[in-house]
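J.: Supplied in C-alpha cells, the structure appears directly below.
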Amino acid sequence: MQSIPVDTMRLGVLRCAIAPEAKISNTETQEVKKDRDGNPVYTVAVTVRQDRRRISVIEIAVSGEPTGIEEGQIVKVTGLVAFMWAMGDRHGVSFRADAVTPVRTTAPHGKGGDA
C-alpha cells in the first residue's frame, strides 16, 4: 500500500469534529486495534475547509491516545499520510498521522460574562 504525504499547511484550519475514540478491530469482543509496536490505535475526526470551499470530515488514525483534544477545538496534525485502499468492490482513502495535538488559543478579553 502506497502512502502519500499530505501537506497540512494547505488544508486550512483543522478542527476536531469527534474527540479521539479507540479503533475497534473486533466488534464482537470490542478488542482495540493495535499498531506494529502494540500501541492502541485511536481515530480523531477532523474537519478540513480550504479557501471557502465546503467542509470535509476526515478520520485520522493515530497510535496512542491523543490527550487534551475536545470537539470544536483547533488541532495540529503532524506527519499526515493518505493511503488508497481497495477490498473487492469497495475502495477509498484512509488517513494516518504521527500525532494530533490541540492548538492552544487564548480567549479574547471582554467576552464570557466578565464584569
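Ligands are numbered from 1 in the order shown, residues from 1 within each chain, and chains are lettered A, B, ... in the order they appear in the C-alpha cells.
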Step one, run DSSP on the backbone; step two, keep only residues of chain A assigned to strand (DSSP E or B); then write them as a VMD selection string.
T.: chain A and resid 3 to 5 12 to 22 24 to 26 31 to 32 34 40 to 49 56 to 63 74 to 78 81 to 87 90 to 97 99 to 102
J.: I'd like a table as a Markdown table: residues in segment 40-75 of chain A with an atom no more than 7 Å from segment 32-35 of chain A, each row giving the shortest atom pair and its distance in Å to one decimal, only C-alpha atoms counted, sorted by chain and rising residue number.
T.:
| residue | atom | partner | partner_atom | distance |
| --- | --- | --- | --- | --- |
| A:Pro40 | CA | A:Lys34 | CA | 4.5 |
| A:Val41 | CA | A:Lys34 | CA | 5.5 |
| A:Ser63 | CA | A:Asp35 | CA | 6.6 |
J.: Give me a file of those residues, with all heavy atoms, as a compact mmCIF listing (two decimals), in the first residue's frame.
T.:
# COMPACT_ATOMS: atom_id res chain seq x y z
N PRO A 40 -2.23 1.06 21.28
CA PRO A 40 -3.61 1.15 20.80
C PRO A 40 -3.73 2.23 19.73
O PRO A 40 -3.03 3.25 19.77
CB PRO A 40 -4.40 1.53 22.05
CG PRO A 40 -3.41 2.14 22.97
CD PRO A 40 -2.09 1.50 22.66
N VAL A 41 -4.62 1.99 18.76
CA VAL A 41 -4.85 2.95 17.68
C VAL A 41 -6.15 3.69 17.97
O VAL A 41 -7.16 3.08 18.31
CB VAL A 41 -4.92 2.23 16.32
CG1 VAL A 41 -5.26 3.22 15.20
CG2 VAL A 41 -3.60 1.52 16.02
N SER A 63 -1.43 6.40 16.57
CA SER A 63 -1.03 5.44 17.61
C SER A 63 -0.98 6.13 18.96
O SER A 63 -0.42 7.23 19.08
CB SER A 63 0.34 4.84 17.29
OG SER A 63 0.26 4.04 16.14
J.: Would you pick out the contacts of Ser94 of chain A at 10 Å or less, using only C-alpha atoms, so that residues sharing its chain but fewer than 3 positions from it are not included, and give the list as a PyMOL selection string?
T.: chain A and resi 3+58-61+81-85+91
J.: Point out the residue among A:Gly64, A:Val75, A:Leu11, A:Glu21 with the least atom-to-atom distance to Arg36 of chain A, counting only C-alpha atoms.
T.: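 Result for the nearest residue to Arg36 of chain A: A:Gly64.
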J.: At a cut-off of 12 Å, using only C-alpha atoms, what residues contact Arg104 of chain A? Leave out same-chain residues fewer than 4 positions from it and give the result as a ChimeraX atom specification.
T.: /A:68-70,73-76
J.: Put those residues in a file: C-alpha atoms, as a PDB file, in the first residue's frame.
T.:
ATOM      1  CA  GLY A  68      -6.267  17.313  25.579  1.00  0.00           C
ATOM      2  CA  ILE A  69      -8.384  17.268  22.421  1.00  0.00           C
ATOM      3  CA  GLU A  70     -12.022  18.360  22.633  1.00  0.00           C
ATOM      4  CA  GLN A  73     -11.005  22.661  19.143  1.00  0.00           C
ATOM      5  CA  ILE A  74      -8.416  23.631  16.537  1.00  0.00           C
ATOM      6  CA  VAL A  75      -5.826  20.876  16.185  1.00  0.00           C
ATOM      7  CA  LYS A  76      -2.395  20.395  14.644  1.00  0.00           C
TER       8      LYS A  76
END
J.: Can you tell me, as a list in words, what residues are no more than 6 Å from Ala97 of chain A when counting only C-alpha atoms, ignoring any on the same chain fewer than 2 positions away?
T.: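 Residues near the query, excluding close chain neighbours: Val62, Gly79, Leu80 and Ala99 of chain A.
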J.: So how many Å separate atom CA of Val44 of chain A and atom CA of Glu71 of chain A, to one decimal?
T.: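 Between atom CA of Val44 of chain A and atom CA of Glu71 of chain A the gap works out to 9.7 Å.
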